[in-house]
Structure formats: C-alpha cells, structure tokens
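Visitor: This is the structure I want to talk about, given as structure tokens.
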Amino acid sequence: MTSRRTARVRGAAWYGTSFVLAVIFLFPLMAVLITVFKTPAEAVAVPPTYLPSVISFDNFAALWSAGAGLPRYLANSAFVSTGTVLLTVVLATTAGYGIARIRFRGADAVFLLLLTPMMVPLQALLTALYAVLVRIGLSDNLIGLVLIYTVSILPFSVFVMRNAFADIPREIEEAAWVDGCGVLRSLLQVALPLAWPGIATVALFAFFTSWNEFLAALIMLTSDAHYTVPLLLQNITIGKLGSINWGMLQVGILVTTLPCVVVFLLLQRYYVRGLLAGGVKG
Amino acid sequence: MIRAPARQPGQALRRHRLTARGRRQAHGWLFVLPSLALVTVFFLVPLGLMGWMSLNDWGLVGEARPVGLDNYSTLFADQRFVDALLFSIRFAVLVVPLIMLVGFGLGALVTSQRRGVAIFRSIYFLPLVIGYAAASYIWLWLFNGQIGLANKVLTDLGVISVPLQWFADPMLGFIAASSLVIWKTVGFSMVLFMGGLQSVPQDLRDAASVDGASRWQMLRYVTLPLMRNTTALVFVFAAISCLLVFEPFFILTKGGPGTSTVGVVQWIFGTSFYAFRLGYGAAASIVLLVLLLTFTSIQVRAFLRD
C-alpha cells in the first residue's frame, strides 16, 4: 500500500521535473517561433509581448530581399552542406573500408594519421588555413569551406566508418570475393548496404557541422554574395543592412535552425546511437 | 640442359599469389589515398605553416620577416593575451562542473523506463544540433535589456523589479553566456552519462540493495566508480568546448564591457584578422594548441581503444 503510493509520488515527481525542464529547454526556440509572426513594430515593443496581437508575415518579406536576398544565402549554405556531406561520406567510406577490410601494410599508421586532426580544433588552425586558402586561390570561395569542414570532421567520420565495416562478419564478404567480386564491387554491393547506419551518422554530423559553422566562414568569406546563413544573421545585427531589424533577425534564426531541427527529429535515432558508439566506448 | 620446367608451376603460383597480395596492398592504399591527400593539404601543411608563421613577422601583404621566438616572448608579456587566456580558463573552470552536474542529472532522469521518456530525451538533446551562432543570436534577443523576454519573464515571476542590462555588466554577461553554453551542450553529456549508467550491471545494483545500501551509497560506491571512463570523457568534451568558447561572447557581449570577456579564440581572431598580425596570431594558436593537447589526446586515445 505504502510502497505503491511511494511509487506513484515518485512517478509524479519524475514527470513534473521532466516537464518543467522540457519547458525551459524549449522556451528559447518556441519564443522565436512565436515572435516571427509579430509585426516589425511589435517585435521591438518595450516591454515585449508574449504573443503576437496580429499575425504578420512582414518579417519574412523583409528577410526575403535582405542583402543579396535570402535565396542566395540559402543556396550558399545548401551548397556548402551538400558538398561537405557528400565529400565526407565518400572519403570516410573508402578510407574506413580500406583500413578495416583491406589489411594492407601500414593501415594502422594511416588510421592514426587520419585521426590526428582531432587533436587540433579548427579554431586553433584558422590563421594558417587562411594563409593556405589564399595561396591556392580558395579564400572567399565556398569550395574552400567545403574542404576545411570535411577535413575537420574526417577523423570522427573515418572512425565511425571503420567500426561500421569492422562489425560486418568477414564471411559475408569473403563469399563475395570467392564469387569473383572485385574489391570495389564487394564494397558497393555487399558491405555498403550493411554499413548504412554508420553512413547516416557521418552524413548527419557533416550536415549539422557545415550548416552551422560560423567562425571559419566569417574569416574565409569576404563578399556578401558568398555568405552562408549564419553570416546573414551577423549581417542583420551589425547593421550592415540598416539598423538592427529584430523581427527580421527572428526569421533569420528560424530559417537557420529549422532545417537542423527537422532533420534531427526525423533521423535522431541514428545520430544519437552513432554519437554514443563514438563516445561511450572510452 | 637446364632442368627448369619442374620448378615452373610453383614459381608461377608464387608469382600469382604475390601479385594478388600486391594488388591488395595497392587497393588498400588507393582507398585511403584521397583522405590522406586532403588531410595533408588542409591539416598537415597548415599545421607546419603555422609553426613557421609563428617564427615570423607575418602580415597580410608584403614579405615575411623571420623574428625567431620574439612572437612567443612578446605573447607572454602581452597583458591582453594573458587576460584572454585566463578568461577562457576561468570560464572552463566555472562552467565544466555545471555541464557535468546537469548532464549527470539529466542522464539519470532519462535512463528511466517510463512512458514518454524518449520525447524528453529528444527535447534535452535538441539544442545540440542548433548552431552556436544561431543560438547566440537567440540569446542576444532574449537577454536584450529593452525588448528581451528574459527580463519580462523574470519580472513576471517576481525575481527582479528593474530590467537588467545583461551585456553591460561582466558578471551578468558571463551568466547569460554560461546559460547558453550549458543549454546548448548539456544534451551531449546527458547522452554519454545515459550510456554509462546503462552499462552498470543490474546484478551489482541488486546486490548492493540487498546489502541495504541507500540511494546515495549506491551512487557513491557502485555507480560512480564504474562510470569513471564516461565521466572522464564528459569532462574532456566539456573542457574542450569551454576553452574554445567563441560565438557566445563574440555575439553577446562582443568581448565587453571593455575587453573583460574576450576569450583566447576571440583574441586570436582579432589579432590575425583585424590587426592582420598573422605571425603573432599563429604563435598564440600554437600556445592554445599545446594547452588543448592534454584534452584532445585523451579524446584520440579513447577513439583508439577498441
């Protein structure tokens, strides 16, 4: 009797705590989601209102034509993200397969070398990376960004793919080799379909990193027409486009965060599991 | 006549085997070559260049002038740099324990089997996939002294009676930025702790509870000792992200008031790309890199362990 009551009290306490925390965690995003629909005037009201008094899309219209135009910035971000995801997946898959499955001499040393960029965070390398990109003509260039993002996430990605391939039973692939399957065909037709949770993890990690990165983009990109979405936010707030337009900033934040939230909600299972596989074994 | 034919089949076989193995070797290298090339050009070369730049007076234009170790000796006499470095360290010392504590609490909360736990887990994790820049701009608005909702909520809850000017005060700016970093990163600690908690064998807990261990004793003598690796890993991740903190202060306080909240990454950024002293910035980057090496090498070792 008493223990059942204790269990019920504990359950209520658990749900109460979890719910309050959820409200706190969601509050900043919800606040943005609500404020984007205020009129530009209400968005800067003192003191602020919680809910918009009328629904307005003026802030969306303002951002659409801001600077080089929202479509331009979105296209830049989409290009950088797509490029980073594709390049990272291809490189991590081939390297991970080579290291885990083709036991060539020096594979361990190669693995160690490919992990070393992890020891030097991007932030500590930017001064020299800038000099290199200038020298090879890739500063203020979206391809330059794709390349440095890819290298910065390659260690984790190679690690994930190596493990993904190592987990596939060797017999399955040996059967393919006996059947006269070449290395490339056995990778594409036998190993890859089995390793796709690893690929999903790598692709998601590459997407979140490249879509959100700010400092390297700020340093490498100098012309407005090349800016990615996070830099658009900075443009709005430093008044490069006139005085700070808070309503417009809210829409900018929404546009920046929404793709990540949607992708995460759809594919979170693979992402969280993949991160855990990378982290918890330590 | 030379009686060679008898050996020929064996030789042929051996040559065939060698070529098969040789081809395998070549294939292996072919598979890792693209990654090696990219890591060489965009990691090893810049890393070497950074070392070289740090020994030069290196501007944006004009010839580099070798200055030996001058950049380094100037650096440690440069009060602004020392302050920035100390600021980052102070931020890490204060915020890392918070990330670990909150992360552990959330991890324990979401290890439950109750219905709906997956939803709460996703909500606490969600800020992790949002960029630091976007998150910082949300905070810039929330904590704005006039139009921000933080003052409104705190006033309505009766916590404050006068609106606070969050970014005009080093202490308040620090609190706002810390809350941002905790909100944004604690989901990762939560997930790591959750994995660690789930790996504690249930029979050990059962045995301890049969022996009459209290919840606190269970935590202190069973759970925590078995989670030493997880705890170390959470510590390393949190320490790295706090020492490298950039966007929150760059966007919220802009390093101010004065230069009181300029961290080491922001200092390097300003020195290299506003003052265009790239050699000096490279020397500071090397110092930062060495400072981080303790933490990053633990990270790499954890990746190599299995």
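Here, A, B, ... name the chains of the structure tokens in the order displayed, residue numbers run from 1 inside each chain, and ligands are numbered from 1 in the same displayed order.
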Residues of chain A within 7 Å of chain B, counting only C-alpha atoms, what are they? List them as a CSV table (one decimal) with C-alpha atoms, in the first residue's frame.
Guide:
chain,number,residue,atom,x,y,z
A,18,SER,CA,10.9,16.3,-16.8
A,22,ALA,CA,11.4,20.4,-21.2
A,25,PHE,CA,14.8,23.7,-22.9
A,28,PRO,CA,14.1,29.9,-26.5
A,44,VAL,CA,10.6,45.7,-30.8
A,45,ALA,CA,7.9,46.6,-28.3
A,46,VAL,CA,9.0,47.7,-24.8
A,47,PRO,CA,8.2,45.8,-22.7
A,48,PRO,CA,7.9,42.8,-25.1
A,91,LEU,CA,36.2,9.8,-48.1
A,94,THR,CA,36.6,4.5,-48.7
A,95,ALA,CA,39.2,5.1,-46.0
A,98,GLY,CA,40.4,0.3,-46.7
A,102,ILE,CA,41.8,-4.5,-46.8
A,104,PHE,CA,47.3,-3.6,-46.2
A,105,ARG,CA,50.7,-2.9,-44.6
A,114,LEU,CA,43.7,10.3,-40.2
A,117,PRO,CA,43.3,16.5,-37.0
A,118,MET,CA,41.1,15.7,-33.9
A,119,MET,CA,44.0,16.9,-31.8
A,120,VAL,CA,43.9,20.4,-33.3
A,123,GLN,CA,39.6,27.3,-34.2
A,124,ALA,CA,43.3,26.8,-33.5
A,125,LEU,CA,44.3,26.3,-37.1
A,127,THR,CA,45.2,31.6,-39.1
A,128,ALA,CA,47.3,29.2,-41.1
A,129,LEU,CA,44.4,27.7,-43.0
A,132,VAL,CA,46.9,28.3,-47.3
A,148,ILE,CA,38.2,22.6,-44.5
A,151,VAL,CA,39.0,17.7,-43.0
A,208,PHE,CA,25.0,19.8,-38.7
A,212,ASN,CA,26.0,25.8,-38.5
A,213,GLU,CA,29.7,26.7,-38.7
A,214,PHE,CA,30.3,30.4,-38.1
A,230,PRO,CA,24.9,32.1,-40.1
A,253,ILE,CA,17.2,32.4,-36.8
A,256,THR,CA,18.9,28.8,-39.8
A,257,THR,CA,17.6,26.4,-37.1
A,260,CYS,CA,18.6,21.2,-38.3
A,276,LEU,CA,27.2,7.1,-28.5
A,279,GLY,CA,31.9,8.3,-27.3
A,280,VAL,CA,31.0,5.7,-24.7
A,282,GLY,CA,36.1,5.3,-23.9
Visitor: Do a neighbour search on B:Val186 at 7 Å with only C-alpha atoms, toss out local chain neighbours closer than 6 positions, and write the hits as an MDAnalysis selection string.
Guide: chainID B and resid 99 102:103
Visitor: Using N, CA and C atoms, can you write the selected residues to a file as a PDB file, in the first residue's frame?
Guide:
ATOM      1  N   ILE B  99      28.178  21.759 -16.443  1.00  0.00           N
ATOM      2  CA  ILE B  99      27.769  20.893 -17.547  1.00  0.00           C
ATOM      3  C   ILE B  99      27.746  19.430 -17.086  1.00  0.00           C
ATOM      4  N   VAL B 102      24.706  18.967 -14.401  1.00  0.00           N
ATOM      5  CA  VAL B 102      23.404  18.993 -15.063  1.00  0.00           C
ATOM      6  C   VAL B 102      23.299  17.796 -16.009  1.00  0.00           C
ATOM      7  N   GLY B 103      24.381  17.504 -16.724  1.00  0.00           N
ATOM      8  CA  GLY B 103      24.391  16.368 -17.646  1.00  0.00           C
ATOM      9  C   GLY B 103      24.130  15.060 -16.921  1.00  0.00           C
TER      10      GLY B 103
END
Visitor: Which is closer to A:Ala176 than all the others in A:Gln189, A:Thr228, A:Thr49, A:Thr237, using only C-alpha atoms?
Guide: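 Of A:Gln189, A:Thr228, A:Thr49, A:Thr237, the one nearest A:Ala176, counting only C-alpha atoms, is A:Gln189.
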Visitor: When you look at stretch 193-204 of chain A with a cut-off of 9 Å (counting only C-alpha atoms), what residues show up, excluding the ones that are within fewer than 2 positions of it in the same chain? I need them as an NGL selection string.
Guide: :A and (84-86 or 88-89 or 92-93 or 153 or 156-158 or 160-161 or 163-165 or 167-168 or 187-191 or 206-209 or 263-264 or 267 or 270-275)
Visitor: Residues of the last selection are to be written out with N, CA and C atoms, as an mmCIF file, in the first residue's frame.
Guide:
data_model
loop_
_atom_site.group_PDB
_atom_site.id
_atom_site.type_symbol
_atom_site.label_atom_id
_atom_site.label_comp_id
_atom_site.auth_asym_id
_atom_site.auth_seq_id
_atom_site.Cartn_x
_atom_site.Cartn_y
_atom_site.Cartn_z
ATOM 1 N N THR A 84 29.910 19.163 -48.310
ATOM 2 C CA THR A 84 30.595 18.584 -47.160
ATOM 3 C C THR A 84 30.067 17.180 -46.866
ATOM 4 N N VAL A 85 28.737 17.025 -46.923
ATOM 5 C CA VAL A 85 28.158 15.707 -46.632
ATOM 6 C C VAL A 85 28.656 14.684 -47.649
ATOM 7 N N LEU A 86 28.581 15.019 -48.941
ATOM 8 C CA LEU A 86 28.974 14.064 -49.980
ATOM 9 C C LEU A 86 30.452 13.714 -49.872
ATOM 10 N N THR A 88 32.525 14.050 -47.355
ATOM 11 C CA THR A 88 32.851 13.341 -46.131
ATOM 12 C C THR A 88 32.423 11.876 -46.207
ATOM 13 N N VAL A 89 31.220 11.646 -46.729
ATOM 14 C CA VAL A 89 30.736 10.265 -46.804
ATOM 15 C C VAL A 89 31.630 9.436 -47.736
ATOM 16 N N ALA A 92 35.203 9.060 -46.014
ATOM 17 C CA ALA A 92 35.182 8.243 -44.800
ATOM 18 C C ALA A 92 34.848 6.795 -45.134
ATOM 19 N N THR A 93 33.992 6.598 -46.136
ATOM 20 C CA THR A 93 33.628 5.235 -46.519
ATOM 21 C C THR A 93 34.823 4.510 -47.136
ATOM 22 N N ILE A 153 36.045 17.224 -39.835
ATOM 23 C CA ILE A 153 35.185 16.163 -39.307
ATOM 24 C C ILE A 153 35.599 14.784 -39.799
ATOM 25 N N PHE A 156 36.528 11.842 -36.966
ATOM 26 C CA PHE A 156 35.373 11.174 -36.372
ATOM 27 C C PHE A 156 34.683 10.278 -37.406
ATOM 28 N N SER A 157 34.564 10.782 -38.646
ATOM 29 C CA SER A 157 33.838 10.051 -39.683
ATOM 30 C C SER A 157 34.562 8.764 -40.083
ATOM 31 N N VAL A 158 35.890 8.846 -40.229
ATOM 32 C CA VAL A 158 36.660 7.646 -40.564
ATOM 33 C C VAL A 158 36.534 6.624 -39.438
ATOM 34 N N VAL A 160 34.041 6.235 -37.339
ATOM 35 C CA VAL A 160 32.711 5.623 -37.373
ATOM 36 C C VAL A 160 32.630 4.583 -38.495
ATOM 37 N N MET A 161 33.135 4.932 -39.689
ATOM 38 C CA MET A 161 33.020 4.011 -40.822
ATOM 39 C C MET A 161 33.920 2.794 -40.659
ATOM 40 N N ASN A 163 34.618 1.352 -37.861
ATOM 41 C CA ASN A 163 33.897 0.462 -36.957
ATOM 42 C C ASN A 163 32.699 -0.186 -37.638
ATOM 43 N N ALA A 164 32.020 0.605 -38.477
ATOM 44 C CA ALA A 164 30.837 0.062 -39.157
ATOM 45 C C ALA A 164 31.235 -1.122 -40.036
ATOM 46 N N PHE A 165 32.369 -1.000 -40.757
ATOM 47 C CA PHE A 165 32.802 -2.097 -41.624
ATOM 48 C C PHE A 165 33.366 -3.252 -40.821
ATOM 49 N N ASP A 167 32.359 -4.277 -38.080
ATOM 50 C CA ASP A 167 31.272 -5.024 -37.446
ATOM 51 C C ASP A 167 30.590 -6.015 -38.389
ATOM 52 N N ILE A 168 30.852 -5.873 -39.708
ATOM 53 C CA ILE A 168 30.228 -6.793 -40.666
ATOM 54 C C ILE A 168 30.998 -8.107 -40.648
ATOM 55 N N LEU A 187 32.583 -3.774 -51.946
ATOM 56 C CA LEU A 187 32.268 -2.639 -51.065
ATOM 57 C C LEU A 187 30.875 -2.098 -51.380
ATOM 58 N N LEU A 188 30.631 -1.869 -52.670
ATOM 59 C CA LEU A 188 29.387 -1.214 -53.050
ATOM 60 C C LEU A 188 28.173 -2.119 -52.862
ATOM 61 N N GLN A 189 28.332 -3.425 -53.208
ATOM 62 C CA GLN A 189 27.148 -4.285 -53.227
ATOM 63 C C GLN A 189 26.956 -5.091 -51.958
ATOM 64 N N VAL A 190 28.044 -5.362 -51.240
ATOM 65 C CA VAL A 190 27.911 -6.217 -50.061
ATOM 66 C C VAL A 190 28.053 -5.418 -48.768
ATOM 67 N N ALA A 191 29.166 -4.662 -48.653
ATOM 68 C CA ALA A 191 29.454 -4.020 -47.368
ATOM 69 C C ALA A 191 28.602 -2.766 -47.145
ATOM 70 N N ALA A 206 28.088 15.651 -40.530
ATOM 71 C CA ALA A 206 28.622 16.578 -41.532
ATOM 72 C C ALA A 206 27.625 17.694 -41.815
ATOM 73 N N PHE A 207 26.351 17.334 -41.894
ATOM 74 C CA PHE A 207 25.339 18.349 -42.175
ATOM 75 C C PHE A 207 25.258 19.381 -41.044
ATOM 76 N N PHE A 208 25.118 18.902 -39.805
ATOM 77 C CA PHE A 208 24.971 19.844 -38.692
ATOM 78 C C PHE A 208 26.200 20.752 -38.586
ATOM 79 N N THR A 209 27.389 20.170 -38.756
ATOM 80 C CA THR A 209 28.609 20.969 -38.630
ATOM 81 C C THR A 209 28.683 22.039 -39.708
ATOM 82 N N VAL A 263 15.639 17.772 -39.581
ATOM 83 C CA VAL A 263 16.497 16.623 -39.883
ATOM 84 C C VAL A 263 16.742 15.795 -38.615
ATOM 85 N N PHE A 264 16.960 16.492 -37.505
ATOM 86 C CA PHE A 264 17.203 15.775 -36.250
ATOM 87 C C PHE A 264 15.978 14.963 -35.831
ATOM 88 N N LEU A 267 15.648 11.853 -38.043
ATOM 89 C CA LEU A 267 16.710 10.843 -38.085
ATOM 90 C C LEU A 267 17.474 10.704 -36.778
ATOM 91 N N TYR A 270 19.510 7.419 -35.481
ATOM 92 C CA TYR A 270 20.834 7.069 -35.994
ATOM 93 C C TYR A 270 21.890 7.997 -35.431
ATOM 94 N N TYR A 271 21.517 9.260 -35.284
ATOM 95 C CA TYR A 271 22.503 10.245 -34.841
ATOM 96 C C TYR A 271 22.944 9.972 -33.411
ATOM 97 N N VAL A 272 21.978 9.830 -32.505
ATOM 98 C CA VAL A 272 22.330 9.643 -31.098
ATOM 99 C C VAL A 272 23.079 8.329 -30.910
ATOM 100 N N ARG A 273 22.600 7.275 -31.582
ATOM 101 C CA ARG A 273 23.262 5.984 -31.443
ATOM 102 C C ARG A 273 24.701 6.048 -31.973
ATOM 103 N N GLY A 274 24.865 6.747 -33.104
ATOM 104 C CA GLY A 274 26.197 6.876 -33.692
ATOM 105 C C GLY A 274 27.141 7.648 -32.803
ATOM 106 N N LEU A 275 26.645 8.736 -32.218
ATOM 107 C CA LEU A 275 27.489 9.522 -31.314
ATOM 108 C C LEU A 275 27.898 8.685 -30.113
#
Visitor: Could you pull out all residues of stretch 7-216 of chain A with a DSSP call of alpha helix (DSSP H) and give them as a ChimeraX atom specification?
Guide: /A:7-35,58-64,70-100,107-115,126-135,142-166,170-178,183-186,192-194,196-212,215-216
Visitor: Go ahead and write the residues just picked, C-alpha atoms, as a compact mmCIF listing (two decimals), in the first residue's frame.
Guide:
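Printed below is part09.txt as written:
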# COMPACT_ATOMS: atom_id res chain seq x y z
CA ALA A 7 5.88 4.71 -6.49
CA ARG A 8 3.06 6.97 -7.56
CA VAL A 9 4.61 10.00 -5.85
CA ARG A 10 7.92 9.18 -7.49
CA GLY A 11 6.27 8.90 -10.88
CA ALA A 12 4.59 12.26 -10.45
CA ALA A 13 7.86 13.85 -9.36
CA TRP A 14 9.61 12.37 -12.39
CA TYR A 15 7.02 13.67 -14.83
CA GLY A 16 6.87 17.04 -13.06
CA THR A 17 10.64 17.52 -13.18
CA SER A 18 10.94 16.30 -16.76
CA PHE A 19 8.13 18.56 -17.90
CA VAL A 20 9.49 21.71 -16.24
CA LEU A 21 12.91 21.02 -17.73
CA ALA A 22 11.36 20.45 -21.15
CA VAL A 23 9.64 23.82 -20.94
CA ILE A 24 12.95 25.51 -20.04
CA PHE A 25 14.80 23.74 -22.87
CA LEU A 26 12.16 24.53 -25.47
CA PHE A 27 11.44 28.09 -24.34
CA PRO A 28 14.12 29.88 -26.47
CA LEU A 29 13.07 28.09 -29.67
CA MET A 30 9.37 28.48 -29.01
CA ALA A 31 9.86 32.18 -28.31
CA VAL A 32 11.47 32.59 -31.74
CA LEU A 33 8.78 30.53 -33.43
CA ILE A 34 6.10 32.80 -31.96
CA THR A 35 7.88 36.12 -32.44
CA ASP A 58 6.18 41.30 -42.85
CA ASN A 59 9.38 39.98 -41.24
CA PHE A 60 9.52 37.14 -43.77
CA ALA A 61 9.11 39.58 -46.63
CA ALA A 62 11.86 41.80 -45.21
CA LEU A 63 14.34 38.93 -44.91
CA TRP A 64 13.49 37.56 -48.34
CA LEU A 70 17.59 35.11 -48.71
CA PRO A 71 17.52 32.59 -51.61
CA ARG A 72 21.17 33.42 -52.36
CA TYR A 73 22.30 32.78 -48.76
CA LEU A 74 20.24 29.61 -48.51
CA ALA A 75 21.71 28.37 -51.79
CA ASN A 76 25.24 29.07 -50.48
CA SER A 77 24.55 27.15 -47.27
CA ALA A 78 22.92 24.32 -49.18
CA PHE A 79 25.93 24.09 -51.49
CA VAL A 80 28.42 24.01 -48.60
CA SER A 81 26.37 21.44 -46.67
CA THR A 82 25.70 19.17 -49.62
CA GLY A 83 29.34 19.32 -50.67
CA THR A 84 30.59 18.58 -47.16
CA VAL A 85 28.16 15.71 -46.63
CA LEU A 86 28.97 14.06 -49.98
CA LEU A 87 32.73 14.50 -49.75
CA THR A 88 32.85 13.34 -46.13
CA VAL A 89 30.74 10.26 -46.80
CA VAL A 90 32.81 9.25 -49.84
CA LEU A 91 36.17 9.81 -48.13
CA ALA A 92 35.18 8.24 -44.80
CA THR A 93 33.63 5.24 -46.52
CA THR A 94 36.60 4.47 -48.74
CA ALA A 95 39.17 5.13 -46.01
CA GLY A 96 37.17 3.26 -43.37
CA TYR A 97 36.79 0.29 -45.71
CA GLY A 98 40.45 0.31 -46.67
CA ILE A 99 41.54 0.35 -43.03
CA ALA A 100 39.03 -2.14 -41.65
CA ALA A 107 46.81 0.52 -42.31
CA ASP A 108 47.21 1.18 -38.58
CA ALA A 109 49.59 4.07 -39.17
CA VAL A 110 47.21 5.55 -41.75
CA PHE A 111 44.33 5.31 -39.28
CA LEU A 112 46.36 7.11 -36.63
CA LEU A 113 47.34 9.82 -39.10
CA LEU A 114 43.74 10.34 -40.18
CA LEU A 115 42.73 10.76 -36.53
CA LEU A 126 42.35 29.05 -38.84
CA THR A 127 45.18 31.57 -39.06
CA ALA A 128 47.30 29.18 -41.11
CA LEU A 129 44.35 27.72 -43.03
CA TYR A 130 43.54 31.23 -44.18
CA ALA A 131 47.08 31.66 -45.49
CA VAL A 132 46.87 28.31 -47.32
CA LEU A 133 43.49 29.07 -48.88
CA VAL A 134 44.69 32.48 -50.06
CA ARG A 135 47.76 30.85 -51.62
CA LEU A 142 32.54 28.05 -50.95
CA ILE A 143 34.61 25.08 -52.15
CA GLY A 144 37.37 26.18 -49.79
CA LEU A 145 34.88 25.99 -46.92
CA VAL A 146 33.74 22.51 -48.01
CA LEU A 147 37.34 21.29 -47.94
CA ILE A 148 38.23 22.63 -44.49
CA TYR A 149 34.95 21.45 -42.95
CA THR A 150 35.49 18.00 -44.43
CA VAL A 151 38.99 17.70 -43.01
CA SER A 152 37.86 18.88 -39.59
CA ILE A 153 35.19 16.16 -39.31
CA LEU A 154 37.06 13.44 -41.18
CA PRO A 155 38.70 11.88 -38.06
CA PHE A 156 35.37 11.17 -36.37
CA SER A 157 33.84 10.05 -39.68
CA VAL A 158 36.66 7.65 -40.56
CA PHE A 159 36.45 6.26 -37.04
CA VAL A 160 32.71 5.62 -37.37
CA MET A 161 33.02 4.01 -40.82
CA ARG A 162 35.97 1.84 -39.83
CA ASN A 163 33.90 0.46 -36.96
CA ALA A 164 30.84 0.06 -39.16
CA PHE A 165 32.80 -2.10 -41.62
CA ALA A 166 34.65 -3.99 -38.90
CA ARG A 170 34.02 -11.29 -42.58
CA GLU A 171 32.43 -14.44 -44.02
CA ILE A 172 29.78 -12.46 -45.88
CA GLU A 173 32.40 -10.56 -47.80
CA GLU A 174 34.73 -13.49 -48.29
CA ALA A 175 31.86 -15.26 -50.01
CA ALA A 176 31.59 -12.32 -52.37
CA TRP A 177 35.33 -12.41 -53.08
CA VAL A 178 35.18 -16.14 -53.85
CA VAL A 183 37.14 -5.03 -54.01
CA LEU A 184 35.13 -2.06 -55.23
CA ARG A 185 32.10 -4.17 -56.15
CA SER A 186 32.13 -6.01 -52.85
CA LEU A 192 27.79 -0.67 -48.01
CA PRO A 193 24.19 -1.83 -47.59
CA LEU A 194 25.17 -3.29 -44.21
CA TRP A 196 24.45 2.38 -43.76
CA PRO A 197 23.70 3.27 -40.10
CA GLY A 198 27.31 4.43 -39.93
CA ILE A 199 26.86 6.43 -43.12
CA ALA A 200 23.73 8.05 -41.67
CA THR A 201 25.67 9.11 -38.57
CA VAL A 202 28.51 10.55 -40.64
CA ALA A 203 26.16 12.38 -43.02
CA LEU A 204 24.16 13.91 -40.17
CA PHE A 205 27.28 15.01 -38.32
CA ALA A 206 28.62 16.58 -41.53
CA PHE A 207 25.34 18.35 -42.18
CA PHE A 208 24.97 19.84 -38.69
CA THR A 209 28.61 20.97 -38.63
CA SER A 210 28.71 22.58 -42.06
CA TRP A 211 25.27 24.18 -41.89
CA ASN A 212 26.00 25.82 -38.54
CA LEU A 215 33.94 31.42 -37.35
CA ALA A 216 35.71 29.85 -40.34
Visitor: Could you please determine the separation between atom CA of A:Thr222 and atom CA of A:Asp140 in Å, to one decimal place?
Guide: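 According to the coordinates, atom CA of A:Thr222 and atom CA of A:Asp140 are separated by 5.5 Å.
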Visitor: Between atom CA of A:Leu249 and atom CA of A:Ala68, what distance in Å does the model show, to one decimal?
Guide: 15.5 Å
Visitor: Please return as a PDB file with N, CA and C atoms, in the first residue's frame: the residues of stretch 50-244 of chain B that backbone DSSP assigns to strand (DSSP E).
Guide:
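Written out: out-v1.pdb:
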ATOM      1  N   ASN B  56      57.759  34.246 -37.547  1.00  0.00           N
ATOM      2  CA  ASN B  56      57.930  35.356 -38.474  1.00  0.00           C
ATOM      3  C   ASN B  56      57.028  36.528 -38.118  1.00  0.00           C
ATOM      4  N   ASP B  57      57.468  37.692 -38.564  1.00  0.00           N
ATOM      5  CA  ASP B  57      56.564  38.834 -38.560  1.00  0.00           C
ATOM      6  C   ASP B  57      55.790  38.727 -39.864  1.00  0.00           C
ATOM      7  N   ARG B  65      59.073  38.401 -42.273  1.00  0.00           N
ATOM      8  CA  ARG B  65      60.400  38.690 -41.721  1.00  0.00           C
ATOM      9  C   ARG B  65      60.629  37.756 -40.534  1.00  0.00           C
ATOM     10  N   PRO B  66      61.680  36.910 -40.619  1.00  0.00           N
ATOM     11  CA  PRO B  66      61.949  35.983 -39.509  1.00  0.00           C
ATOM     12  C   PRO B  66      62.304  36.758 -38.240  1.00  0.00           C
TER      13      PRO B  66
END
Visitor: Quick one, how far is atom CA of B:Val222 from atom CA of B:Arg205?
Guide: 7.2 Å
Visitor: Between B:Leu252, B:Leu86, B:Cys242, B:Val95, which residue has the minimum interatomic distance to B:Trp166, considering only C-alpha atoms?
Guide: B:Leu252
